[in-house]
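Here's structure15.cif, which has mmCIF, C-alpha atoms:
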data_upload
loop_
_atom_site.label_atom_id
_atom_site.label_comp_id
_atom_site.auth_asym_id
_atom_site.auth_seq_id
_atom_site.Cartn_x
_atom_site.Cartn_y
_atom_site.Cartn_z
CA MET A 1 73.41 55.61 -11.76
CA LEU A 2 69.86 54.24 -11.65
CA ASP A 3 68.41 53.67 -15.14
CA LEU A 4 64.76 54.77 -15.14
CA LYS A 5 64.05 53.57 -18.67
CA LEU A 6 61.44 50.83 -19.00
CA ASP A 7 60.48 48.70 -21.98
CA MET A 8 57.39 50.26 -23.63
CA GLY A 9 55.68 46.90 -24.07
CA THR A 10 56.12 46.17 -20.36
CA GLU A 11 54.65 49.55 -19.47
CA PHE A 12 51.53 48.94 -21.54
CA VAL A 13 51.12 45.39 -20.16
CA LEU A 14 51.26 46.73 -16.61
CA LEU A 15 48.61 49.32 -17.45
CA VAL A 16 46.36 46.63 -18.95
CA LEU A 17 46.83 44.45 -15.87
CA GLY A 18 46.05 47.38 -13.58
CA HIS A 19 42.74 48.03 -15.32
CA LEU A 20 41.89 44.32 -15.51
CA LEU A 21 42.46 43.92 -11.77
CA THR A 22 40.13 46.87 -11.21
CA ILE A 23 37.54 45.21 -13.46
CA ILE A 24 37.79 41.97 -11.47
CA LEU A 25 37.23 43.83 -8.18
CA PHE A 26 34.33 45.79 -9.67
CA SER A 27 32.78 42.59 -11.05
CA ALA A 28 32.83 41.04 -7.59
CA TYR A 29 31.29 44.20 -6.11
CA LYS A 30 28.68 44.57 -8.87
CA PHE A 31 27.50 41.00 -8.29
CA ARG A 32 25.72 42.26 -5.16
CA ASN A 33 25.23 45.89 -6.15
CA SER A 34 24.10 45.64 -9.77
CA LYS A 35 21.57 48.48 -9.52
CA GLN A 36 24.12 51.26 -9.07
CA SER A 37 24.27 53.00 -12.46
CA VAL A 38 27.22 55.17 -11.38
CA MET A 39 29.28 52.02 -10.84
CA ASP A 40 28.27 50.78 -14.30
CA VAL A 41 29.70 53.90 -15.97
CA PHE A 42 33.00 53.62 -14.09
CA TYR A 43 33.08 49.88 -14.82
CA ALA A 44 32.66 50.61 -18.53
CA ALA A 45 35.44 53.20 -18.34
CA LYS A 46 37.85 50.61 -16.95
CA TRP A 47 37.03 48.20 -19.81
CA LEU A 48 37.59 50.94 -22.37
CA GLN A 49 40.93 51.84 -20.81
CA ALA A 50 42.04 48.19 -20.66
CA VAL A 51 41.23 47.86 -24.36
CA THR A 52 43.10 51.13 -25.02
CA TRP A 53 46.40 49.90 -23.62
CA GLY A 54 45.92 46.48 -25.19
CA LEU A 55 45.62 48.17 -28.58
CA PHE A 56 48.75 50.20 -27.88
CA ILE A 57 50.59 46.88 -27.34
CA LEU A 58 49.31 45.60 -30.69
CA SER A 59 50.23 48.84 -32.45
CA GLU A 60 53.94 48.25 -31.73
CA ASN A 61 54.04 45.32 -34.13
CA THR A 62 51.22 46.31 -36.48
CA PRO A 63 52.02 48.40 -39.58
CA GLY A 64 49.81 51.31 -40.54
CA MET A 65 47.66 53.60 -38.42
CA ALA A 66 44.52 51.49 -37.92
CA VAL A 67 45.38 49.98 -34.52
CA LEU A 68 47.00 53.15 -33.16
CA THR A 69 43.99 55.19 -34.25
CA ALA A 70 41.61 52.75 -32.55
CA ALA A 71 43.73 52.93 -29.37
CA ASN A 72 43.46 56.72 -29.22
CA LEU A 73 39.72 56.69 -29.91
CA PHE A 74 39.23 54.20 -27.07
CA LEU A 75 41.45 56.41 -24.90
CA LEU A 76 39.14 59.38 -25.47
CA LEU A 77 36.03 57.28 -24.76
CA GLY A 78 37.54 55.83 -21.60
CA ALA A 79 38.61 59.23 -20.25
CA ALA A 80 35.18 60.72 -20.96
CA SER A 81 33.40 57.79 -19.28
CA GLU A 82 35.55 58.03 -16.16
CA MET A 83 34.95 61.77 -15.81
CA VAL A 84 31.21 61.25 -16.30
CA ALA A 85 31.30 58.70 -13.47
CA PHE A 86 33.09 61.23 -11.23
CA LEU A 87 30.48 63.87 -12.01
CA GLN A 88 27.69 61.39 -11.26
CA VAL A 89 29.16 60.36 -7.93
CA THR A 90 29.43 64.03 -6.92
CA ASP A 91 25.88 64.79 -8.16
CA GLY A 92 27.20 67.10 -10.87
CA PHE A 93 26.11 65.24 -14.00
CA SER A 94 23.38 67.53 -15.26
CA THR A 95 21.69 67.48 -18.66
CA LYS A 96 24.07 70.25 -19.72
CA ALA A 97 27.09 68.19 -18.65
CA ARG A 98 25.75 65.14 -20.46
CA ARG A 99 25.39 67.10 -23.69
CA PHE A 100 28.85 68.59 -23.33
CA TYR A 101 30.59 65.24 -22.88
CA VAL A 102 28.73 63.70 -25.81
CA TYR A 103 29.59 66.60 -28.12
CA TRP A 104 33.13 67.14 -26.83
CA THR A 105 34.06 63.45 -27.05
CA ALA A 106 32.58 63.22 -30.55
CA ALA A 107 34.48 66.37 -31.56
CA GLY A 108 37.77 65.02 -30.18
CA MET A 109 37.36 61.69 -31.95
CA THR A 110 36.38 63.41 -35.20
CA ALA A 111 39.34 65.79 -34.98
CA TYR A 112 41.72 62.87 -34.42
CA LEU A 113 40.34 60.99 -37.44
CA LEU A 114 40.62 64.12 -39.61
CA VAL A 115 44.26 64.52 -38.56
CA VAL A 116 45.02 60.90 -39.47
CA LEU A 117 43.27 61.21 -42.83
CA LEU A 118 44.32 64.71 -43.88
CA HIS A 119 47.53 65.72 -42.09
CA ASN A 120 48.94 62.72 -40.26
CA THR A 121 51.68 64.04 -37.98
CA ALA A 122 52.53 62.80 -34.49
CA SER A 123 52.61 66.34 -33.07
CA LEU A 124 49.07 67.12 -34.24
CA ARG A 125 47.74 63.77 -32.99
CA ILE A 126 49.32 64.34 -29.57
CA ALA A 127 47.94 67.88 -29.40
CA VAL A 128 44.37 66.77 -30.20
CA VAL A 129 44.34 63.94 -27.67
CA SER A 130 46.08 65.94 -24.92
CA PHE A 131 43.80 68.97 -25.18
CA SER A 132 40.63 66.85 -25.48
CA ILE A 133 41.42 64.88 -22.32
CA ALA A 134 42.60 68.00 -20.46
CA VAL A 135 39.17 69.61 -20.90
CA MET A 136 37.44 66.36 -19.89
CA LEU A 137 39.45 66.28 -16.65
CA ALA A 138 39.11 69.98 -15.91
CA ILE A 139 35.32 70.01 -15.52
CA PRO A 140 35.01 67.54 -12.58
CA ALA A 141 38.30 68.87 -11.15
CA VAL A 142 37.00 72.44 -10.96
CA ARG A 143 33.72 71.20 -9.48
CA LEU A 144 35.52 69.23 -6.77
CA VAL A 145 37.85 72.11 -5.94
CA SER A 146 35.51 75.09 -6.09
CA SER A 147 32.52 73.94 -4.03
CA SER A 148 32.79 74.90 -0.37
CA LEU A 149 30.34 72.09 0.45
CA ASN A 150 32.76 69.38 -0.69
CA SER A 151 34.91 67.43 1.75
CA SER A 152 38.69 67.66 2.04
CA LEU A 153 38.87 64.37 0.16
CA SER A 154 36.87 65.77 -2.75
CA GLN A 155 39.03 68.89 -2.92
CA LEU A 156 42.26 66.89 -2.78
CA ILE A 157 41.13 64.67 -5.66
CA GLY A 158 40.02 67.78 -7.54
CA TYR A 159 43.43 69.44 -7.19
CA MET A 160 45.16 66.27 -8.40
CA TYR A 161 42.99 66.06 -11.50
CA LEU A 162 43.39 69.79 -12.08
CA THR A 163 47.18 69.38 -11.99
CA ILE A 164 46.97 66.60 -14.60
CA ALA A 165 44.69 68.76 -16.76
CA ILE A 166 47.21 71.63 -16.60
CA VAL A 167 50.07 69.31 -17.56
CA LEU A 168 48.11 67.94 -20.52
CA THR A 169 47.25 71.46 -21.60
CA ALA A 170 50.95 72.39 -21.50
CA ARG A 171 51.76 69.22 -23.49
CA THR A 172 49.53 70.45 -26.35
CA PRO A 173 51.80 73.27 -27.65
CA LEU A 174 54.98 71.38 -26.67
CA ALA A 175 54.03 68.67 -29.18
CA PHE A 176 54.70 71.15 -32.00
CA PHE A 177 58.03 72.43 -30.71
CA SER A 178 59.56 69.48 -28.82
CA LEU A 179 57.96 66.32 -30.20
CA GLY A 180 60.74 64.07 -28.92
CA LEU A 181 60.18 65.43 -25.42
CA VAL A 182 56.46 64.58 -25.22
CA ASP A 183 56.03 61.50 -27.42
CA MET A 184 55.42 58.55 -25.09
CA MET A 185 56.06 56.09 -27.94
CA ASN A 186 59.77 57.02 -27.99
CA PRO A 187 61.90 55.28 -25.34
CA GLY A 188 63.37 57.65 -22.82
CA VAL A 189 62.92 59.40 -19.51
CA TYR A 190 59.72 61.12 -20.67
CA GLN A 191 58.16 57.77 -21.60
CA THR A 192 59.00 56.38 -18.15
CA LEU A 193 57.65 59.46 -16.38
CA THR A 194 54.50 59.30 -18.50
CA PHE A 195 54.01 55.66 -17.55
CA LEU A 196 54.44 56.46 -13.86
CA ALA A 197 51.96 59.34 -14.20
CA LEU A 198 49.45 57.09 -15.97
CA TYR A 199 49.81 54.45 -13.27
CA ALA A 200 49.39 57.10 -10.57
CA LEU A 201 46.29 58.34 -12.43
CA LEU A 202 44.96 54.79 -12.50
CA MET A 203 45.38 54.45 -8.73
CA LEU A 204 44.00 57.96 -8.10
CA GLY A 205 40.95 57.27 -10.23
CA ASN A 206 40.19 53.93 -8.61
CA MET A 207 40.75 54.94 -4.99
CA GLY A 208 39.21 58.37 -5.48
CA PHE A 209 36.08 56.98 -7.08
CA PHE A 210 35.60 54.36 -4.36
CA LEU A 211 36.10 56.88 -1.56
CA LEU A 212 33.78 59.44 -3.15
CA SER A 213 31.20 56.69 -3.66
CA LYS A 214 31.44 55.85 0.03
CA GLU A 215 31.01 59.54 0.94
CA ARG A 216 27.93 59.69 -1.27
CA THR A 217 26.50 56.54 0.33
CA ASP A 218 27.19 57.94 3.81
CA ARG A 219 25.35 61.15 2.92
CA GLU A 220 22.39 59.20 1.61
CA LEU A 221 22.28 57.02 4.72
CA MET A 222 22.41 60.15 6.88
CA ARG A 223 19.56 61.65 4.88
CA LEU A 224 17.48 58.48 5.20
CA ALA A 225 18.19 58.38 8.93
CA SER A 226 17.27 62.04 9.46
CA TYR A 227 14.40 62.89 7.12
CA ASP A 228 10.83 61.74 6.67
CA ASP A 229 10.46 60.22 3.19
CA LEU A 230 6.89 61.40 2.69
CA THR A 231 7.20 65.09 3.56
CA GLY A 232 10.92 65.86 3.46
CA ALA A 233 10.76 67.16 7.03
CA LEU A 234 13.18 66.01 9.71
CA ASN A 235 12.00 62.89 11.48
CA ARG A 236 11.24 63.12 15.20
CA ARG A 237 14.62 61.87 16.40
CA ALA A 238 16.62 64.19 14.12
CA PHE A 239 14.34 67.16 14.87
CA MET A 240 14.71 66.71 18.61
CA HIS A 241 18.48 66.33 18.29
CA HIS A 242 18.97 69.48 16.20
CA THR A 243 16.46 71.47 18.23
CA GLN A 244 18.22 70.55 21.47
CA GLN A 245 21.54 71.79 20.09
CA THR A 246 20.02 74.99 18.69
CA LEU A 247 18.16 75.66 21.93
CA ARG A 248 21.46 75.57 23.83
CA GLN A 249 22.98 78.02 21.35
CA CYS A 250 20.04 80.39 21.80
CA ARG A 251 20.42 80.23 25.56
CA ARG A 252 24.17 80.92 25.39
CA GLY A 253 23.62 83.72 22.89
CA GLY A 254 20.88 85.34 24.95
CA ILE A 255 18.30 85.27 22.15
CA PRO A 256 14.64 84.14 22.25
CA ALA A 257 13.28 81.09 20.47
CA SER A 258 9.84 79.71 19.68
CA PHE A 259 8.52 76.18 19.46
CA ILE A 260 5.45 75.51 17.31
CA LEU A 261 3.35 72.37 17.20
CA ILE A 262 0.93 71.88 14.28
CA ASP A 263 -1.85 69.39 13.68
CA VAL A 264 -3.98 68.82 10.55
CA ASP A 265 -7.61 69.18 11.62
CA HIS A 266 -9.84 66.10 11.35
CA PHE A 267 -7.04 64.14 9.69
CA LYS A 268 -8.30 60.75 10.92
CA THR A 269 -11.70 61.45 9.37
CA ILE A 270 -10.01 62.38 6.07
CA ASN A 271 -8.02 59.14 6.10
CA ASP A 272 -11.06 57.03 6.92
CA SER A 273 -13.30 58.74 4.35
CA PHE A 274 -10.93 59.25 1.41
CA GLY A 275 -8.16 56.72 1.96
CA HIS A 276 -4.61 56.92 3.27
CA HIS A 277 -3.18 57.85 -0.13
CA ILE A 278 -5.25 61.06 -0.08
CA GLY A 279 -4.13 61.71 3.48
CA ASP A 280 -0.50 61.30 2.39
CA GLU A 281 -1.02 63.77 -0.46
CA LEU A 282 -2.42 66.35 1.94
CA LEU A 283 0.54 65.92 4.29
CA GLN A 284 2.94 66.42 1.37
CA GLU A 285 0.99 69.48 0.27
CA PHE A 286 1.09 70.93 3.77
CA ALA A 287 4.85 70.36 4.07
CA GLY A 288 5.27 72.19 0.79
CA LYS A 289 3.43 75.18 2.29
CA VAL A 290 5.79 75.27 5.29
CA HIS A 291 9.16 75.34 3.53
CA PRO A 292 8.81 78.79 1.88
CA TRP A 293 8.25 80.40 5.29
CA LEU A 294 11.35 78.92 6.91
CA ARG A 295 14.46 81.04 7.35
CA GLU A 296 18.00 79.73 7.41
CA GLY A 297 18.45 77.98 10.76
CA ASP A 298 14.75 77.22 11.30
CA LEU A 299 13.92 73.56 11.92
CA PHE A 300 10.91 71.68 10.57
CA GLY A 301 10.08 68.15 11.64
CA ARG A 302 7.35 65.56 11.44
CA TYR A 303 6.57 64.57 14.99
CA GLY A 304 4.36 61.67 13.99
CA GLY A 305 1.23 61.05 11.93
CA ASP A 306 -0.29 64.42 11.07
CA GLU A 307 1.61 66.29 13.79
CA PHE A 308 4.48 68.60 12.82
CA ALA A 309 6.86 70.78 14.82
CA ILE A 310 8.79 73.93 13.94
CA PHE A 311 11.59 75.52 15.93
CA LEU A 312 12.33 79.19 15.27
CA PRO A 313 15.60 80.39 16.85
CA GLY A 314 15.62 84.13 17.37
CA ALA A 315 11.83 84.47 17.09
CA ASP A 316 10.07 86.29 19.93
CA GLU A 317 6.33 86.20 20.63
CA GLN A 318 5.42 88.70 17.94
CA ALA A 319 7.54 87.01 15.26
CA SER A 320 6.27 83.53 16.11
CA ASP A 321 2.65 84.72 16.18
CA GLU A 322 3.11 86.25 12.72
CA PHE A 323 4.73 83.06 11.46
CA ALA A 324 1.87 80.90 12.77
CA GLU A 325 -0.81 83.17 11.32
CA ASN A 326 0.93 83.45 7.95
CA LEU A 327 1.22 79.67 7.73
CA ARG A 328 -2.41 79.10 8.74
CA ALA A 329 -3.57 81.68 6.18
CA ALA A 330 -1.36 80.16 3.43
CA VAL A 331 -2.91 76.73 3.99
CA LEU A 332 -6.42 78.19 3.96
CA GLU A 333 -5.73 80.22 0.81
CA SER A 334 -4.40 77.14 -0.99
CA GLN A 335 -7.77 75.40 -0.47
CA ARG A 336 -9.62 78.30 -2.07
CA ASN A 337 -7.35 78.33 -5.11
CA ARG A 338 -7.75 74.68 -5.98
CA GLY A 339 -8.90 73.77 -9.47
CA ARG A 340 -12.27 72.21 -10.16
CA LEU A 341 -10.69 68.87 -10.99
CA ASP A 342 -9.03 68.61 -7.57
CA THR A 343 -11.44 66.37 -5.66
CA ARG A 344 -9.38 66.11 -2.50
CA PRO A 345 -11.04 67.32 0.71
CA GLU A 346 -10.23 70.75 2.09
CA TYR A 347 -8.33 70.89 5.35
CA THR A 348 -7.19 73.37 7.96
CA ILE A 349 -4.52 73.35 10.64
CA SER A 350 -4.42 74.11 14.34
CA ILE A 351 -1.28 75.55 15.91
CA GLY A 352 0.20 75.68 19.40
CA VAL A 353 2.95 78.24 20.06
CA VAL A 354 5.32 78.71 22.97
CA THR A 355 8.23 81.18 23.21
CA VAL A 356 11.37 80.94 25.33
CA PRO A 357 12.48 84.42 26.46
CA ALA A 358 16.09 85.42 25.90
CA GLY A 359 18.40 83.76 28.42
CA SER A 360 15.77 81.41 29.85
CA ASP A 361 16.70 77.79 30.52
CA VAL A 362 13.64 75.75 29.54
CA PRO A 363 14.04 72.01 28.77
CA LEU A 364 12.94 70.89 25.32
CA GLN A 365 10.43 68.43 26.75
CA GLU A 366 8.81 71.29 28.64
CA LEU A 367 8.52 73.25 25.39
CA PHE A 368 6.82 70.32 23.72
CA LYS A 369 4.43 69.90 26.62
CA SER A 370 3.54 73.60 26.64
CA SER A 371 3.03 73.77 22.87
CA ASP A 372 0.91 70.63 23.04
CA GLU A 373 -1.30 72.31 25.62
CA ALA A 374 -1.60 75.37 23.36
CA LEU A 375 -2.48 73.12 20.43
CA TYR A 376 -5.24 71.51 22.49
CA GLN A 377 -6.59 74.99 23.29
CA ALA A 378 -6.66 75.86 19.57
CA LYS A 379 -8.58 72.68 18.76
CA HIS A 380 -10.96 73.11 21.67
CA ALA A 381 -11.70 76.67 20.53
CA GLY A 382 -12.86 75.50 17.11
CA ARG A 383 -9.70 74.59 15.15
CA ASN A 384 -8.21 76.51 12.21
CA GLN A 385 -6.42 78.88 14.57
CA ALA A 386 -3.33 79.37 16.68
CA ALA A 387 -3.11 79.48 20.46
CA ARG A 388 -0.24 80.40 22.75
CA SER A 389 1.03 78.92 26.00
CA GLY A 390 3.65 80.23 28.42
CA ALA A 391 7.05 78.53 28.57
#
In structure tokens, how does this file's structure come out?
Amino acid sequence: MLDLKLDMGTEFVLLVLGHLLTIILFSAYKFRNSKQSVMDVFYAAKWLQAVTWGLFILSENTPGMAVLTAANLFLLLGAASEMVAFLQVTDGFSTKARRFYVYWTAAGMTAYLLVVLLHNTASLRIAVVSFSIAVMLAIPAVRLVSSSLNSSLSQLIGYMYLTIAIVLTARTPLAFFSLGLVDMMNPGVYQTLTFLALYALLMLGNMGFFLLSKERTDRELMRLASYDDLTGALNRRAFMHHTQQTLRQCRRGGIPASFILIDVDHFKTINDSFGHHIGDELLQEFAGKVHPWLREGDLFGRYGGDEFAIFLPGADEQASDEFAENLRAAVLESQRNRGRLDTRPEYTISIGVVTVPAGSDVPLQELFKSSDEALYQAKHAGRNQAARSGA
């Protein structure tokens, strides 16, 4: 029969080597990507965990509790650091989360020290460490599992960590009733299974973190490729792409849609007279006025310079006229409510509107051309108004 028992010293050495190999790979990666703070936290976690298992090796041949205590304190710090890195890479590390991990880790370390000093039993030490780490794992696990916006990869990693958190939680009371069953320092099947679980956790953490980091980078690259940095609106290419798709859906669904083209009046004069930085501020301010009026599914893009476009699926002539007038009035009202210390020039907008009737097949380029003609009419009529053109 196959003997699954492994020498404890060998197990700890393998864990140290696993973390050291991770550190070497991270060091090579960080050499060219040193500005990524999320990587720094995970890198620190791997060092803490390597030290942890190194101290466990020393504790085998060191009398007293000093080395074993240090090993468990480093274990708590390493687990907390790794979970913080996972929260950061999933954009879940808020101020509240930061405070929690600081306080919870400090509480776990303090509780462990009090156990060693006041009531030093293996069962109580195991219970404190197990429950402390279970809670640390549960927070990012629940976040990864519960959010419908996360990918299948995120949810899979979340379920794995949640399983480990549940096992550690179950280990907490078992330490009081079946110490020999859950003490990894005693040779046996449990020690071997614990080692295999720890090694699986090491691989899960490393691969999971790298893959989630790649997902995060991909999302950021997609955002940079699709959005205008100055105003937060879709750039022209992304706006045209999404509008083309939505226009097809409107046509298939037999619903109307409206295309709106907007221009900031006398923007070149503002730039020339007050400087481009003032012009940029006005464009940002205008974009901020648009977003509150957008419904779910509406598209807002920067067409170029001071020209913006809005696509309103489901909006007929009346709805699009109301939208245009509300937006024009909101911009005008914001100029009147400026404080005395705001020395920026006042501005207005001109708007061209065109509506596609339900079921009509009008190319997007034709919509742009028609709305551009309507915009020219609004400017020619005196600016600070909206004009309409037929599709």
Quick one: contact table of region 59-122 of chain A to region 154-169 of chain A, 12 Å max, nearest atom pair and distance in Å to one decimal per residue, counting only C-alpha atoms, chain and number order, as JSON lines?
{"residue": "A:Ala79", "atom": "CA", "partner": "A:Ala165", "partner_atom": "CA", "distance": 11.8}
{"residue": "A:Glu82", "atom": "CA", "partner": "A:Tyr161", "partner_atom": "CA", "distance": 11.9}
{"residue": "A:Met83", "atom": "CA", "partner": "A:Tyr161", "partner_atom": "CA", "distance": 10.1}
{"residue": "A:Phe86", "atom": "CA", "partner": "A:Gly158", "partner_atom": "CA", "distance": 10.2}
{"residue": "A:Leu87", "atom": "CA", "partner": "A:Gly158", "partner_atom": "CA", "distance": 11.2}
{"residue": "A:Val89", "atom": "CA", "partner": "A:Ser154", "partner_atom": "CA", "distance": 10.7}
{"residue": "A:Thr90", "atom": "CA", "partner": "A:Ser154", "partner_atom": "CA", "distance": 8.7}
Would you mind listing what lies within 10 Å of region 271-285 of chain A as a PyMOL selection string, with only C-alpha atoms counted and same-chain residues fewer than 6 positions away left out? chain A and resi 229-233+264+302+305-308+331+334+343-347
Residues near region 100-117 of chain A, anyone? I mean within 7 Å using only C-alpha atoms, not counting same-chain ones fewer than 2 positions away, as an MDAnalysis selection string. chainID A and resid 73 76:77 80 96:98 119:120 124:125 128 132
Step by step, work through what the PyMOL selection byres ((chain A and resi 258) around 10) selects in the shown file, and finish by giving those residues as an mmCIF file with C-alpha atoms, keeping the file's coordinate frame.
data_model
loop_
_atom_site.group_PDB
_atom_site.id
_atom_site.type_symbol
_atom_site.label_atom_id
_atom_site.label_comp_id
_atom_site.auth_asym_id
_atom_site.auth_seq_id
_atom_site.Cartn_x
_atom_site.Cartn_y
_atom_site.Cartn_z
ATOM 1 C CA LEU A 247 18.160 75.660 21.930
ATOM 2 C CA PRO A 256 14.640 84.140 22.250
ATOM 3 C CA ALA A 257 13.280 81.090 20.470
ATOM 4 C CA PHE A 259 8.520 76.180 19.460
ATOM 5 C CA ILE A 260 5.450 75.510 17.310
ATOM 6 C CA ILE A 310 8.790 73.930 13.940
ATOM 7 C CA PHE A 311 11.590 75.520 15.930
ATOM 8 C CA LEU A 312 12.330 79.190 15.270
ATOM 9 C CA PRO A 313 15.600 80.390 16.850
ATOM 10 C CA GLY A 314 15.620 84.130 17.370
ATOM 11 C CA ALA A 315 11.830 84.470 17.090
ATOM 12 C CA ASP A 316 10.070 86.290 19.930
ATOM 13 C CA GLU A 317 6.330 86.200 20.630
ATOM 14 C CA ALA A 319 7.540 87.010 15.260
ATOM 15 C CA SER A 320 6.270 83.530 16.110
ATOM 16 C CA ASP A 321 2.650 84.720 16.180
ATOM 17 C CA VAL A 353 2.950 78.240 20.060
ATOM 18 C CA VAL A 354 5.320 78.710 22.970
ATOM 19 C CA THR A 355 8.230 81.180 23.210
ATOM 20 C CA VAL A 356 11.370 80.940 25.330
ATOM 21 C CA PRO A 357 12.480 84.420 26.460
ATOM 22 C CA LEU A 367 8.520 73.250 25.390
ATOM 23 C CA SER A 371 3.030 73.770 22.870
ATOM 24 C CA ALA A 391 7.050 78.530 28.570
#
Hey, which of A:Pro173, A:Gly92, A:Gly78, A:Gly359 ends up closest to Ile133 (chain A)? Count all atoms listed in the file. A:Gly78
Determine, counting all atoms listed in the file, which protein, DNA and RNA residues have an atom within 10 Å of an atom of Phe42 (chain A); residues of the same chain fewer than 4 positions away are not included. Present the result as a tab-separated table (two decimals) with C-alpha atoms, in the frame of the given file.
chain	number	residue	atom	x	y	z
A	23	ILE	CA	37.54	45.21	-13.46
A	26	PHE	CA	34.33	45.79	-9.67
A	37	SER	CA	24.27	53.00	-12.46
A	38	VAL	CA	27.22	55.17	-11.38
A	46	LYS	CA	37.85	50.61	-16.95
A	47	TRP	CA	37.03	48.20	-19.81
A	48	LEU	CA	37.59	50.94	-22.37
A	78	GLY	CA	37.54	55.83	-21.60
A	81	SER	CA	33.40	57.79	-19.28
A	82	GLU	CA	35.55	58.03	-16.16
A	83	MET	CA	34.95	61.77	-15.81
A	84	VAL	CA	31.21	61.25	-16.30
A	85	ALA	CA	31.30	58.70	-13.47
A	86	PHE	CA	33.09	61.23	-11.23
A	88	GLN	CA	27.69	61.39	-11.26
A	89	VAL	CA	29.16	60.36	-7.93
A	205	GLY	CA	40.95	57.27	-10.23
A	206	ASN	CA	40.19	53.93	-8.61
A	209	PHE	CA	36.08	56.98	-7.08
Using only C-alpha atoms for the distances, tell me which of A:Leu21, A:Leu204, A:Gln377, A:Ala386 is nearest to Leu327 (chain A).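 Counting only C-alpha atoms, the residue closest to Leu327 (chain A) is A:Ala386.
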For the provided coordinates, the residues matched by the PyMOL selection byres ((chain A and resi 240) around 12) should be stated as number ranges by chain. A: 226, 234-239, 241-247, 259, 299-303, 308-311, 363-365, 367-368
Please measure the separation of CA of Gly18 (chain A) and CA of Glu60 (chain A), giving the value in Å to one decimal. 19.8 Å
Selected residue of minimal separation from Arg251 (chain A) among A:Val362, A:Leu118, A:Val290, A:Val41, counting all atoms listed in the file: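 Among the listed residues, A:Val362 lies closest to Arg251 (chain A).
If you count all atoms listed in the file and ignore residues fewer than 5 places along the chain from region 55-59 of chain A, what sits within 6 Å of it is A:Val67, A:Leu68, A:Ala71.
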Coordinates-based distance that separates CA of Ala225 (chain A) from CA of Gly208 (chain A) (Å, one decimal):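 These two atoms are separated by 25.5 Å.
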Of the candidates A:Met222, A:Leu211, A:Ala138, A:Cys250, which one gets nearest to Asp361 (chain A) if we count only C-alpha atoms?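 Of A:Met222, A:Leu211, A:Ala138, A:Cys250, the one nearest Asp361 (chain A) is A:Cys250, counting only C-alpha atoms.
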